[in-house]
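Asker: Below you'll find target.cif; it's mmCIF, C-alpha atoms and all ligand atoms.
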```cif
data_data
#
loop_
_atom_site.group_PDB
_atom_site.id
_atom_site.type_symbol
_atom_site.label_atom_id
_atom_site.label_comp_id
_atom_site.auth_asym_id
_atom_site.auth_seq_id
_atom_site.Cartn_x
_atom_site.Cartn_y
_atom_site.Cartn_z
ATOM 1 C CA MET A 13 0.000 0.000 0.000
ATOM 2 C CA LEU A 14 1.335 3.402 -1.011
ATOM 3 C CA VAL A 15 0.042 6.581 0.673
ATOM 4 C CA LYS A 16 1.011 10.257 0.556
ATOM 5 C CA ASP A 17 -0.492 11.406 3.822
ATOM 6 C CA VAL A 18 -0.774 9.622 7.186
ATOM 7 C CA ASN A 19 -4.352 10.865 7.413
ATOM 8 C CA GLN A 20 -5.203 8.325 4.722
ATOM 9 C CA LEU A 21 -4.328 5.633 7.270
ATOM 10 C CA ILE A 22 -7.081 6.597 9.711
ATOM 11 C CA GLY A 23 -9.804 3.962 10.087
ATOM 12 C CA ASN A 24 -10.379 0.663 8.317
ATOM 13 C CA ASN A 25 -8.411 -1.040 11.063
ATOM 14 C CA PRO A 26 -8.447 -4.807 11.496
ATOM 15 C CA MET A 27 -10.885 -6.586 13.760
ATOM 16 C CA ILE A 28 -9.647 -9.594 15.720
ATOM 17 C CA ASP A 29 -11.660 -12.681 16.606
ATOM 18 C CA LEU A 30 -10.136 -13.220 20.055
ATOM 19 C CA GLN A 31 -8.767 -16.690 20.667
ATOM 20 C CA MET A 32 -9.136 -17.127 24.404
ATOM 21 C CA GLU A 33 -11.360 -18.901 26.853
ATOM 22 C CA ILE A 34 -14.772 -17.261 26.431
ATOM 23 C CA PRO A 35 -17.870 -18.450 28.330
ATOM 24 C CA LYS A 36 -20.540 -20.422 26.426
ATOM 25 C CA GLN A 37 -18.598 -20.683 23.144
ATOM 26 C CA SER A 38 -19.297 -17.050 22.376
ATOM 27 C CA HIS A 39 -16.991 -14.932 20.229
ATOM 28 C CA ILE A 40 -15.510 -11.591 21.202
ATOM 29 C CA TYR A 41 -14.435 -9.477 18.238
ATOM 30 C CA ALA A 42 -12.285 -6.434 18.964
ATOM 31 C CA LYS A 43 -11.647 -3.544 16.612
ATOM 32 C CA LEU A 44 -7.936 -2.700 16.867
ATOM 33 C CA GLU A 45 -7.957 1.080 17.042
ATOM 34 C CA MET A 46 -4.296 1.341 18.061
ATOM 35 C CA PHE A 47 -3.571 0.781 14.354
ATOM 36 C CA ASN A 48 -4.553 4.381 13.582
ATOM 37 C CA PRO A 49 -1.485 6.555 12.821
ATOM 38 C CA GLY A 50 -1.872 8.572 16.047
ATOM 39 C CA GLY A 51 -2.270 5.316 17.938
ATOM 40 C CA SER A 52 -5.874 5.553 19.092
ATOM 41 C CA ILE A 53 -9.559 5.617 18.238
ATOM 42 C CA LYS A 54 -9.462 9.397 18.585
ATOM 43 C CA ASP A 55 -7.733 9.942 15.242
ATOM 44 C CA ARG A 56 -11.153 9.395 13.708
ATOM 45 C CA LEU A 57 -12.578 12.196 15.841
ATOM 46 C CA GLY A 58 -9.722 14.658 15.249
ATOM 47 C CA GLN A 59 -9.962 14.187 11.495
ATOM 48 C CA TYR A 60 -13.758 14.441 11.402
ATOM 49 C CA MET A 61 -14.017 17.554 13.594
ATOM 50 C CA ILE A 62 -11.221 19.502 11.875
ATOM 51 C CA GLU A 63 -12.257 18.596 8.320
ATOM 52 C CA LYS A 64 -15.886 19.502 9.065
ATOM 53 C CA ALA A 65 -15.035 22.801 10.774
ATOM 54 C CA TRP A 66 -12.750 23.667 7.829
ATOM 55 C CA LYS A 67 -15.414 22.873 5.212
ATOM 56 C CA GLU A 68 -18.049 24.846 7.131
ATOM 57 C CA GLY A 69 -15.739 27.856 7.347
ATOM 58 C CA LYS A 70 -15.620 27.753 11.159
ATOM 59 C CA ILE A 71 -11.821 27.724 11.046
ATOM 60 C CA SER A 72 -9.209 29.226 8.733
ATOM 61 C CA GLN A 73 -5.416 29.250 8.473
ATOM 62 C CA GLN A 74 -5.299 31.840 11.317
ATOM 63 C CA THR A 75 -7.359 29.801 13.788
ATOM 64 C CA THR A 76 -5.943 28.389 17.003
ATOM 65 C CA ILE A 77 -7.521 25.062 17.985
ATOM 66 C CA ILE A 78 -8.062 24.680 21.743
ATOM 67 C CA GLU A 79 -9.340 21.455 23.330
ATOM 68 C CA PRO A 80 -9.581 19.865 26.792
ATOM 69 C CA THR A 81 -8.377 16.249 26.536
ATOM 70 C CA ALA A 82 -7.037 13.252 28.433
ATOM 71 C CA GLY A 83 -4.558 12.936 25.581
ATOM 72 C CA ASN A 84 -5.750 10.756 22.762
ATOM 73 C CA THR A 85 -8.142 13.398 21.390
ATOM 74 C CA GLY A 86 -5.250 15.842 21.592
ATOM 75 C CA ILE A 87 -3.072 13.590 19.458
ATOM 76 C CA GLY A 88 -5.904 13.078 16.958
ATOM 77 C CA LEU A 89 -6.599 16.800 16.743
ATOM 78 C CA ALA A 90 -2.924 17.753 16.476
ATOM 79 C CA LEU A 91 -2.526 15.273 13.626
ATOM 80 C CA ALA A 92 -5.547 16.653 11.773
ATOM 81 C CA ALA A 93 -4.608 20.299 12.453
ATOM 82 C CA GLN A 94 -1.119 19.769 10.982
ATOM 83 C CA LYS A 95 -2.592 19.398 7.522
ATOM 84 C CA TYR A 96 -3.777 23.038 7.664
ATOM 85 C CA HIS A 97 -0.789 24.299 9.724
ATOM 86 C CA LEU A 98 -3.120 25.327 12.551
ATOM 87 C CA LYS A 99 -1.836 26.241 15.991
ATOM 88 C CA THR A 100 -3.123 23.780 18.570
ATOM 89 C CA ILE A 101 -3.334 24.236 22.337
ATOM 90 C CA LEU A 102 -4.359 21.188 24.354
ATOM 91 C CA ILE A 103 -5.545 21.458 27.951
ATOM 92 C CA VAL A 104 -4.530 18.309 29.818
ATOM 93 C CA PRO A 105 -4.965 17.440 33.517
ATOM 94 C CA GLU A 106 -1.431 16.707 34.825
ATOM 95 C CA LYS A 107 -2.131 13.094 35.803
ATOM 96 C CA PHE A 108 -2.488 11.748 32.255
ATOM 97 C CA SER A 109 0.258 9.678 30.665
ATOM 98 C CA GLN A 110 3.600 11.285 29.792
ATOM 99 C CA GLU A 111 3.772 9.358 26.533
ATOM 100 C CA LYS A 112 0.583 10.959 25.237
ATOM 101 C CA GLN A 113 1.824 14.409 26.212
ATOM 102 C CA ILE A 114 5.201 13.847 24.515
ATOM 103 C CA LEU A 115 3.437 12.758 21.322
ATOM 104 C CA MET A 116 1.136 15.797 21.329
ATOM 105 C CA LYS A 117 4.179 18.062 21.588
ATOM 106 C CA ALA A 118 6.021 16.102 18.895
ATOM 107 C CA LEU A 119 3.145 16.875 16.533
ATOM 108 C CA GLY A 120 3.612 20.583 17.272
ATOM 109 C CA ALA A 121 0.850 21.149 19.811
ATOM 110 C CA LYS A 122 1.277 23.269 22.933
ATOM 111 C CA ILE A 123 0.149 21.778 26.228
ATOM 112 C CA VAL A 124 -1.419 23.696 29.086
ATOM 113 C CA HIS A 125 -1.715 21.689 32.295
ATOM 114 C CA THR A 126 -4.517 21.831 34.794
ATOM 115 C CA GLU A 127 -4.441 20.283 38.252
ATOM 116 C CA SER A 128 -5.261 16.580 38.415
ATOM 117 C CA LYS A 129 -7.676 17.138 41.307
ATOM 118 C CA ASP A 130 -9.865 19.376 39.084
ATOM 119 C CA GLY A 131 -10.369 16.484 36.649
ATOM 120 C CA ILE A 132 -11.601 16.956 33.110
ATOM 121 C CA GLN A 133 -14.025 19.655 34.310
ATOM 122 C CA GLY A 134 -11.008 21.771 35.276
ATOM 123 C CA ALA A 135 -9.580 21.322 31.768
ATOM 124 C CA ILE A 136 -12.927 22.267 30.171
ATOM 125 C CA LYS A 137 -13.062 25.449 32.267
ATOM 126 C CA LYS A 138 -9.492 26.384 31.349
ATOM 127 C CA ALA A 139 -10.146 25.745 27.635
ATOM 128 C CA ASN A 140 -13.142 28.090 27.701
ATOM 129 C CA GLU A 141 -11.105 30.767 29.522
ATOM 130 C CA LEU A 142 -8.295 30.557 26.951
ATOM 131 C CA ALA A 143 -10.765 30.664 24.073
ATOM 132 C CA ALA A 144 -12.177 33.913 25.457
ATOM 133 C CA GLU A 145 -8.643 35.395 25.558
ATOM 134 C CA ILE A 146 -7.274 34.200 22.196
ATOM 135 C CA ARG A 147 -8.677 35.870 19.092
ATOM 136 C CA ASP A 148 -9.785 33.545 16.282
ATOM 137 C CA SER A 149 -9.740 30.425 18.420
ATOM 138 C CA TYR A 150 -11.981 27.398 18.004
ATOM 139 C CA VAL A 151 -12.840 24.832 20.671
ATOM 140 C CA PRO A 152 -14.244 21.641 19.074
ATOM 141 C CA MET A 153 -15.372 20.611 22.599
ATOM 142 C CA GLN A 154 -15.681 16.870 22.230
ATOM 143 C CA PHE A 155 -17.794 16.642 25.400
ATOM 144 C CA LYS A 156 -20.821 18.270 23.755
ATOM 145 C CA ASN A 157 -20.160 18.536 20.013
ATOM 146 C CA ALA A 158 -22.600 16.387 17.999
ATOM 147 C CA ASP A 159 -19.761 15.859 15.496
ATOM 148 C CA ASN A 160 -18.199 13.557 18.095
ATOM 149 C CA PRO A 161 -20.764 10.716 17.884
ATOM 150 C CA ALA A 162 -21.249 11.522 14.172
ATOM 151 C CA ALA A 163 -17.566 10.776 13.514
ATOM 152 C CA TYR A 164 -18.098 7.183 14.629
ATOM 153 C CA TYR A 165 -21.596 6.809 13.217
ATOM 154 C CA HIS A 166 -20.058 7.382 9.802
ATOM 155 C CA SER A 167 -16.848 5.350 10.212
ATOM 156 C CA LEU A 168 -16.495 2.829 13.026
ATOM 157 C CA GLY A 169 -20.130 1.662 12.911
ATOM 158 C CA PRO A 170 -20.203 0.835 9.174
ATOM 159 C CA GLU A 171 -16.745 -0.779 9.378
ATOM 160 C CA ILE A 172 -17.880 -3.143 12.152
ATOM 161 C CA VAL A 173 -20.968 -4.177 10.170
ATOM 162 C CA ASN A 174 -18.794 -4.769 7.087
ATOM 163 C CA ASP A 175 -16.118 -6.669 8.997
ATOM 164 C CA LEU A 176 -18.568 -9.141 10.506
ATOM 165 C CA GLN A 177 -21.483 -9.528 8.101
ATOM 166 C CA LYS A 178 -23.516 -11.324 10.786
ATOM 167 C CA PRO A 179 -25.901 -10.304 13.581
ATOM 168 C CA ILE A 180 -24.261 -8.736 16.627
ATOM 169 C CA ASN A 181 -25.684 -9.714 20.018
ATOM 170 C CA ALA A 182 -23.896 -7.035 22.023
ATOM 171 C CA PHE A 183 -21.737 -3.966 21.494
ATOM 172 C CA VAL A 184 -19.467 -3.349 24.485
ATOM 173 C CA ALA A 185 -17.430 -0.134 24.697
ATOM 174 C CA GLY A 186 -16.100 2.402 27.156
ATOM 175 C CA ALA A 187 -17.154 5.991 27.653
ATOM 176 C CA GLY A 188 -14.953 9.009 28.199
ATOM 177 C CA SER A 189 -16.784 11.726 26.301
ATOM 178 C CA GLY A 190 -19.249 8.991 25.305
ATOM 179 C CA GLY A 191 -18.967 9.941 21.629
ATOM 180 C CA SER A 192 -17.496 6.733 20.238
ATOM 181 C CA PHE A 193 -19.968 4.589 22.177
ATOM 182 C CA ALA A 194 -23.018 6.680 21.236
ATOM 183 C CA GLY A 195 -22.161 7.071 17.543
ATOM 184 C CA THR A 196 -21.162 3.464 16.944
ATOM 185 C CA ALA A 197 -24.083 2.123 18.999
ATOM 186 C CA ALA A 198 -26.591 4.272 17.095
ATOM 187 C CA TYR A 199 -25.316 2.911 13.782
ATOM 188 C CA LEU A 200 -25.342 -0.719 14.953
ATOM 189 C CA LYS A 201 -28.890 -0.303 16.331
ATOM 190 C CA SER A 202 -30.043 1.187 13.021
ATOM 191 C CA LYS A 203 -28.919 -2.057 11.368
ATOM 192 C CA ASN A 204 -30.151 -4.453 14.054
ATOM 193 C CA GLN A 205 -32.554 -3.438 16.834
ATOM 194 C CA ALA A 206 -31.720 -6.627 18.758
ATOM 195 C CA THR A 207 -28.098 -5.625 19.439
ATOM 196 C CA LYS A 208 -27.642 -5.009 23.172
ATOM 197 C CA LEU A 209 -25.743 -1.862 24.113
ATOM 198 C CA VAL A 210 -23.258 -2.222 26.953
ATOM 199 C CA VAL A 211 -21.314 0.779 28.204
ATOM 200 C CA VAL A 212 -18.191 0.280 30.323
ATOM 201 C CA GLU A 213 -16.797 2.555 33.010
ATOM 202 C CA PRO A 214 -14.070 2.224 35.643
ATOM 203 C CA GLU A 215 -14.836 2.196 39.349
ATOM 204 C CA GLY A 216 -14.780 5.878 40.294
ATOM 205 C CA SER A 217 -16.915 6.936 37.318
ATOM 206 C CA ILE A 218 -20.520 7.958 37.998
ATOM 207 C CA LEU A 219 -22.670 6.221 35.338
ATOM 208 C CA ASN A 220 -23.861 3.500 37.711
ATOM 209 C CA GLY A 221 -24.456 6.029 40.462
ATOM 210 C CA GLY A 222 -21.160 5.325 42.239
ATOM 211 C CA MET A 223 -19.064 7.945 44.035
ATOM 212 C CA GLN A 224 -16.558 9.754 41.881
ATOM 213 C CA HIS A 225 -12.928 8.939 42.679
ATOM 214 C CA SER A 226 -9.641 8.511 40.855
ATOM 215 C CA HIS A 227 -8.796 5.311 38.991
ATOM 216 C CA ARG A 228 -5.827 3.895 37.098
ATOM 217 C CA ILE A 229 -7.783 2.965 33.977
ATOM 218 C CA GLU A 230 -7.130 5.819 31.546
ATOM 219 C CA GLY A 231 -9.292 7.211 28.733
ATOM 220 C CA ILE A 232 -12.690 6.136 30.041
ATOM 221 C CA GLY A 233 -14.742 7.185 33.050
ATOM 222 C CA VAL A 234 -17.050 10.172 33.345
ATOM 223 C CA GLU A 235 -17.566 12.987 35.827
ATOM 224 C CA PHE A 236 -20.972 13.872 34.301
ATOM 225 C CA ILE A 237 -23.472 11.933 32.156
ATOM 226 C CA PRO A 238 -22.487 12.445 28.510
ATOM 227 C CA PRO A 239 -25.184 14.486 26.707
ATOM 228 C CA PHE A 240 -24.918 11.975 23.817
ATOM 229 C CA PHE A 241 -26.551 9.333 26.037
ATOM 230 C CA ALA A 242 -29.748 11.394 26.509
ATOM 231 C CA ARG A 243 -31.956 9.560 24.010
ATOM 232 C CA MET A 244 -30.182 6.188 24.087
ATOM 233 C CA ASN A 245 -31.455 2.937 25.504
ATOM 234 C CA ILE A 246 -28.392 1.447 27.134
ATOM 235 C CA ASP A 247 -29.012 -2.145 28.201
ATOM 236 C CA HIS A 248 -26.163 -2.576 30.692
ATOM 237 C CA THR A 249 -23.647 -0.304 32.376
ATOM 238 C CA LEU A 250 -20.725 -2.383 33.645
ATOM 239 C CA THR A 251 -18.369 -0.923 36.223
ATOM 240 C CA ILE A 252 -14.931 -2.534 36.067
ATOM 241 C CA SER A 253 -12.224 -2.380 38.737
ATOM 242 C CA ASP A 254 -8.662 -1.317 37.929
ATOM 243 C CA GLU A 255 -7.508 -4.763 38.982
ATOM 244 C CA ALA A 256 -9.849 -6.593 36.584
ATOM 245 C CA ALA A 257 -8.846 -4.332 33.684
ATOM 246 C CA PHE A 258 -5.082 -4.631 34.272
ATOM 247 C CA LYS A 259 -5.385 -8.390 34.589
ATOM 248 C CA GLN A 260 -6.814 -8.506 31.040
ATOM 249 C CA VAL A 261 -4.098 -6.109 29.809
ATOM 250 C CA LYS A 262 -1.453 -8.565 31.008
ATOM 251 C CA GLU A 263 -3.224 -11.642 29.719
ATOM 252 C CA ALA A 264 -3.809 -10.102 26.280
ATOM 253 C CA ALA A 265 -0.050 -9.585 25.896
ATOM 254 C CA ARG A 266 0.994 -12.959 27.312
ATOM 255 C CA GLN A 267 -1.594 -15.078 25.574
ATOM 256 C CA GLN A 268 -2.457 -13.248 22.377
ATOM 257 C CA GLY A 269 0.483 -10.946 21.669
ATOM 258 C CA LEU A 270 -1.779 -7.929 21.944
ATOM 259 C CA PHE A 271 -0.534 -4.655 23.460
ATOM 260 C CA ILE A 272 -3.725 -3.118 24.768
ATOM 261 C CA GLY A 273 -4.261 -0.075 26.980
ATOM 262 C CA SER A 274 -6.183 -0.152 30.242
ATOM 263 C CA SER A 275 -9.500 0.958 28.715
ATOM 264 C CA SER A 276 -9.203 -2.036 26.367
ATOM 265 C CA GLY A 277 -8.522 -4.261 29.389
ATOM 266 C CA ALA A 278 -11.731 -2.918 30.951
ATOM 267 C CA VAL A 279 -13.892 -3.546 27.865
ATOM 268 C CA LEU A 280 -12.424 -7.025 27.528
ATOM 269 C CA ALA A 281 -13.289 -7.809 31.170
ATOM 270 C CA ALA A 282 -16.803 -6.456 30.510
ATOM 271 C CA SER A 283 -17.173 -8.487 27.301
ATOM 272 C CA LEU A 284 -16.299 -11.657 29.221
ATOM 273 C CA GLN A 285 -18.974 -10.766 31.803
ATOM 274 C CA MET A 286 -21.491 -10.293 28.997
ATOM 275 C CA ALA A 287 -20.625 -13.686 27.529
ATOM 276 C CA GLU A 288 -21.853 -15.209 30.812
ATOM 277 C CA ILE A 289 -25.207 -13.415 30.556
ATOM 278 C CA LEU A 290 -25.900 -13.693 26.815
ATOM 279 C CA PRO A 291 -27.108 -16.844 25.035
ATOM 280 C CA ALA A 292 -24.497 -19.415 23.986
ATOM 281 C CA GLU A 293 -22.498 -18.696 20.822
ATOM 282 C CA SER A 294 -23.185 -14.984 20.954
ATOM 283 C CA THR A 295 -21.328 -12.444 18.842
ATOM 284 C CA ILE A 296 -19.890 -9.724 21.057
ATOM 285 C CA VAL A 297 -18.156 -6.714 19.539
ATOM 286 C CA THR A 298 -15.809 -4.460 21.438
ATOM 287 C CA VAL A 299 -13.228 -1.778 20.750
ATOM 288 C CA PHE A 300 -9.582 -1.678 21.810
ATOM 289 C CA ALA A 301 -9.086 2.088 21.838
ATOM 290 C CA ASP A 302 -5.299 2.284 22.187
ATOM 291 C CA SER A 303 -2.088 0.443 23.012
ATOM 292 C CA SER A 304 -0.248 -0.257 26.254
ATOM 293 C CA GLU A 305 2.852 1.358 24.756
ATOM 294 C CA ARG A 306 1.618 4.805 25.754
ATOM 295 C CA TYR A 307 1.289 3.760 29.395
ATOM 296 C CA LEU A 308 4.664 2.096 30.002
ATOM 297 C CA SER A 309 5.778 4.960 32.254
ATOM 298 C CA GLN A 310 2.735 4.194 34.374
ATOM 299 C CA GLN A 311 3.870 0.600 34.900
ATOM 300 C CA ILE A 312 0.954 -0.856 32.961
ATOM 301 C CA TYR A 313 2.581 -4.310 33.110
ATOM 302 C CA ASP A 314 3.742 -3.938 36.674
ATOM 303 C CA THR A 315 0.579 -3.979 38.773
ATOM 304 C CA GLU A 316 0.188 -5.815 42.038
ATOM 305 C CA SER A 317 -2.318 -8.360 40.730
ATOM 306 C CA GLU A 318 -1.137 -11.914 41.075
ATOM 307 C CA GLU A 319 1.303 -13.568 38.650
ATOM 308 C CA LEU A 320 -0.246 -15.393 35.717
HETATM 309 C C1 LIG A 401 -7.904 4.967 25.664
HETATM 310 C C2 LIG A 401 -9.288 5.445 25.430
HETATM 311 N N1 LIG A 401 -10.287 4.584 25.442
HETATM 312 C C3 LIG A 401 -11.552 4.970 25.253
HETATM 313 C C4 LIG A 401 -11.878 6.274 25.052
HETATM 314 C C5 LIG A 401 -13.318 6.630 24.937
HETATM 315 O O1 LIG A 401 -13.647 7.563 24.015
HETATM 316 P P1 LIG A 401 -14.892 8.503 24.053
HETATM 317 O O2 LIG A 401 -14.397 9.870 24.410
HETATM 318 O O3 LIG A 401 -15.402 8.442 22.655
HETATM 319 O O4 LIG A 401 -15.900 8.032 25.040
HETATM 320 C C6 LIG A 401 -10.848 7.197 25.044
HETATM 321 C C7 LIG A 401 -11.083 8.605 24.916
HETATM 322 O O5 LIG A 401 -10.193 9.448 25.035
HETATM 323 C C8 LIG A 401 -9.520 6.771 25.242
HETATM 324 O O6 LIG A 401 -8.479 7.634 25.255
#
```
Render the structure in this file as structure tokens.
Ligand SMILES: Cc1ncc(COP(=O)(O)O)c(C=O)c1O

Answerer:
Amino acid sequence: MLVKDVNQLIGNNPMIDLQMEIPKQSHIYAKLEMFNPGGSIKDRLGQYMIEKAWKEGKISQQTTIIEPTAGNTGIGLALAAQKYHLKTILIVPEKFSQEKQILMKALGAKIVHTESKDGIQGAIKKANELAAEIRDSYVPMQFKNADNPAAYYHSLGPEIVNDLQKPINAFVAGAGSGGSFAGTAAYLKSKNQATKLVVVEPEGSILNGGMQHSHRIEGIGVEFIPPFFARMNIDHTLTISDEAAFKQVKEAARQQGLFIGSSSGAVLAASLQMAEILPAESTIVTVFADSSERYLSQQIYDTESEEL
């Protein structure tokens, strides 16, 4: 394959039929989103939001892009903004992985830190303050922009249907902004009303009504209910512990040669739980949003869970 622009490599990633012990002879299929050039599912979002804003005349060569992000959206946006030589300022709570921050800078973005204790809400507030100060700035604002679910409705959803060409019993995915879950789920439902929708969060996220607290799983977990979930019928919300997620991260590498990040570990743990509940020989689809390689400084393979 010959390409002229890395942006051509976004999407159309492989889907793996996981070869592991799965309850009731079900299959878990995982879309491998770490194969995007920026290394995560969020390349789809960065490309979609920048291209759309450019076409609609919301941004021009003089525009500064500002966005609050845990990191992967920042990388996706910085990659997309490069094409138009746009300045990019990313507002990142300090706690998020060094690797992601190094990559954002490598792409030419500037990082503004907010305090970890203020969470993503602190980053949103800071982004809005900066946007008020900087002339000709544009905040895509993934947390409420309808382009966020739309990006996945038009890419990830159709790809999954094409990859499998058979009925899907359950779609299991994590929520950070909730955009990838909502957009993909809406597309899958439009093709098959029987598909169960299963959203995954870490312990410390509030979807199941739990108390908000910090967690090691990175990229998913919400501090407020995503507006994209307002008109959705979600069948199950599974809350996964750090320990359960990191156990799957380790096993995926040892047993299947897969370098998956902690949000992927969480959705894999949740998919295995669903296999117990669903009828035998179910088709379960999930999404591995990024790779463990961007969490090595956080000892992703060095947790205290027992040896395999
Ligand atoms: C590693 C990882 N997994 C999952 C997600 C979930 O994405 P969304 O914001 O679409 O809910 C993200 C978002 O940043 C992420 O970085």

Asker: Let me have all residues with an atom within 7 Å of ligand LIG 401 (chain A), counting all atoms listed in the file, laid out as a list in words.

Answerer: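 Those residues are Ser52, Lys54, Ala82, Gly83, Asn84, Thr85, Gly186, Ala187, Gly188, Ser189, Gly190, Gly191, Ser192, Phe193, Glu230, Gly231, Ile232, Gly273, Ser275, Ser276, Ala301 and Asp302 of chain A.
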
Asker: Grab the CA of Leu290 in chain A to CA of Pro179 in chain A distance for me, in Å with one decimal place.

Answerer: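 Interatomic distance, CA of Leu290 in chain A to CA of Pro179 in chain A: 13.7 Å.
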
Asker: As an MDAnalysis selection string, please: the residues near Gln311 in chain A (cut-off 12 Å, only C-alpha atoms, same-chain neighbours under 2 positions excluded).

Answerer: chainID A and resid 109:110 228:229 258 261:262 273:274 304:309 313:316

Asker: Taking into account only C-alpha atoms, which residue in the set A:Thr207, A:Ser217, A:Gln37, A:Ser149 is nearest to Gln73 in chain A?

Answerer: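 Counting only C-alpha atoms, the residue closest to Gln73 in chain A is A:Ser149.
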
Asker: Give the padded box for range 25-35 of chain A as AutoDock Vina command-line options: axis-aligned, covering all atoms listed in the file, 6 Å on each side, centre and edge lengths in Å to one decimal.

Answerer:
```
--center_x -13.1 --center_y -10.0 --center_z 19.7 --size_x 21.5 --size_y 29.9 --size_z 29.3
```

Asker: Given all atoms listed in the file as the basis, pick out the residue of A:Pro170, A:Gly120, A:Pro161, A:Pro239 nearest to Leu98 in chain A.

Answerer: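 Ranking A:Pro170, A:Gly120, A:Pro161, A:Pro239 by distance to Leu98 in chain A, first place goes to A:Gly120.
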
Asker: In Å, rounded to a single decimal, give me how far CA of Val104 in chain A is from CA of Glu127 in chain A.

Answerer: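 Straight-line distance from CA of Glu127 in chain A to CA of Val104 in chain A works out to 8.7 Å.
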
Asker: Taking 6 positions as the minimum chain separation for residues in the same chain, which residues sit within 10 Å of range 44-51 of chain A when counting only C-alpha atoms? Answer as a ChimeraX atom specification.

Answerer: /A:18-28,58,84-92,112,115-116,119,168,270-273,276,298-306

Asker: Which residues come within 10 Å of Thr251 in chain A, counting all atoms listed in the file, excluding same-chain residues fewer than 6 positions away, as a PDB file with C-alpha atoms, in the frame of the given file?

Answerer:
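Generated file (selection03.pdb):
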```pdb
ATOM      1  CA  GLY A 186     -16.100   2.402  27.156  1.00  0.00           C
ATOM      2  CA  VAL A 211     -21.314   0.779  28.204  1.00  0.00           C
ATOM      3  CA  VAL A 212     -18.191   0.280  30.323  1.00  0.00           C
ATOM      4  CA  GLU A 213     -16.797   2.555  33.010  1.00  0.00           C
ATOM      5  CA  PRO A 214     -14.070   2.224  35.643  1.00  0.00           C
ATOM      6  CA  GLU A 215     -14.836   2.196  39.349  1.00  0.00           C
ATOM      7  CA  GLY A 216     -14.780   5.878  40.294  1.00  0.00           C
ATOM      8  CA  SER A 217     -16.915   6.936  37.318  1.00  0.00           C
ATOM      9  CA  ILE A 218     -20.520   7.958  37.998  1.00  0.00           C
ATOM     10  CA  LEU A 219     -22.670   6.221  35.338  1.00  0.00           C
ATOM     11  CA  ASN A 220     -23.861   3.500  37.711  1.00  0.00           C
ATOM     12  CA  GLY A 222     -21.160   5.325  42.239  1.00  0.00           C
ATOM     13  CA  GLY A 233     -14.742   7.185  33.050  1.00  0.00           C
ATOM     14  CA  ALA A 278     -11.731  -2.918  30.951  1.00  0.00           C
ATOM     15  CA  VAL A 279     -13.892  -3.546  27.865  1.00  0.00           C
ATOM     16  CA  ALA A 281     -13.289  -7.809  31.170  1.00  0.00           C
ATOM     17  CA  ALA A 282     -16.803  -6.456  30.510  1.00  0.00           C
TER      18      ALA A 282
END
```

Asker: Here's the selection I'm unsure about, the PyMOL selection byres (((chain A and resi 36) around 8) and not hetatm); applied to the file above, which residues does it give, as a compact mmCIF listing (two decimals) with C-alpha atoms, in the frame of the given file?

Answerer:
```txt
# COMPACT_ATOMS: atom_id res chain seq x y z
CA ILE A 34 -14.77 -17.26 26.43
CA PRO A 35 -17.87 -18.45 28.33
CA GLN A 37 -18.60 -20.68 23.14
CA SER A 38 -19.30 -17.05 22.38
CA ALA A 287 -20.62 -13.69 27.53
CA GLU A 288 -21.85 -15.21 30.81
CA PRO A 291 -27.11 -16.84 25.04
CA ALA A 292 -24.50 -19.42 23.99
CA GLU A 293 -22.50 -18.70 20.82
```

Asker: Give me the residues within 12 Å of Lys178 in chain A as a PDB file with C-alpha atoms, keeping the file's coordinate frame, counting all atoms listed in the file and dropping any in the same chain fewer than 2 places off.

Answerer:
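Here's the written file selection-v6.pdb:
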```
ATOM      1  CA  TYR A  41     -14.435  -9.477  18.238  1.00  0.00           C
ATOM      2  CA  ILE A 172     -17.880  -3.143  12.152  1.00  0.00           C
ATOM      3  CA  VAL A 173     -20.968  -4.177  10.170  1.00  0.00           C
ATOM      4  CA  ASN A 174     -18.794  -4.769   7.087  1.00  0.00           C
ATOM      5  CA  ASP A 175     -16.118  -6.669   8.997  1.00  0.00           C
ATOM      6  CA  LEU A 176     -18.568  -9.141  10.506  1.00  0.00           C
ATOM      7  CA  ILE A 180     -24.261  -8.736  16.627  1.00  0.00           C
ATOM      8  CA  ASN A 181     -25.684  -9.714  20.018  1.00  0.00           C
ATOM      9  CA  LEU A 200     -25.342  -0.719  14.953  1.00  0.00           C
ATOM     10  CA  LYS A 203     -28.919  -2.057  11.368  1.00  0.00           C
ATOM     11  CA  ASN A 204     -30.151  -4.453  14.054  1.00  0.00           C
ATOM     12  CA  THR A 207     -28.098  -5.625  19.439  1.00  0.00           C
ATOM     13  CA  SER A 294     -23.185 -14.984  20.954  1.00  0.00           C
ATOM     14  CA  THR A 295     -21.328 -12.444  18.842  1.00  0.00           C
ATOM     15  CA  ILE A 296     -19.890  -9.724  21.057  1.00  0.00           C
ATOM     16  CA  VAL A 297     -18.156  -6.714  19.539  1.00  0.00           C
TER      17      VAL A 297
END
```

Asker: One decimal, Å: what's the distance from CA of Glu145 in chain A over to CA of Lys70 in chain A, could you say?

Answerer: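 Atom-to-atom, CA of Glu145 in chain A and CA of Lys70 in chain A are spaced 17.7 Å apart.
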
Asker: Can you pull out every residue within 9 Å of Lys99 in chain A, counting all atoms listed in the file, but drop anything in the same chain fewer than 3 positions away, and send it as a list in words?

Answerer: Gln73, Gln74, Thr75, Thr76, Ile77, Ile78, Ala90, Ala93, Gln94, Gly120, Ala121 and Lys122 of chain A

Asker: For Gly221 in chain A, which residue out of A:Leu250, A:Ile62, A:Ile132, A:Ile312 is the nearest one, using only C-alpha atoms?

Answerer: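 Once distances to Gly221 in chain A are computed over only C-alpha atoms, the minimum belongs to A:Leu250.
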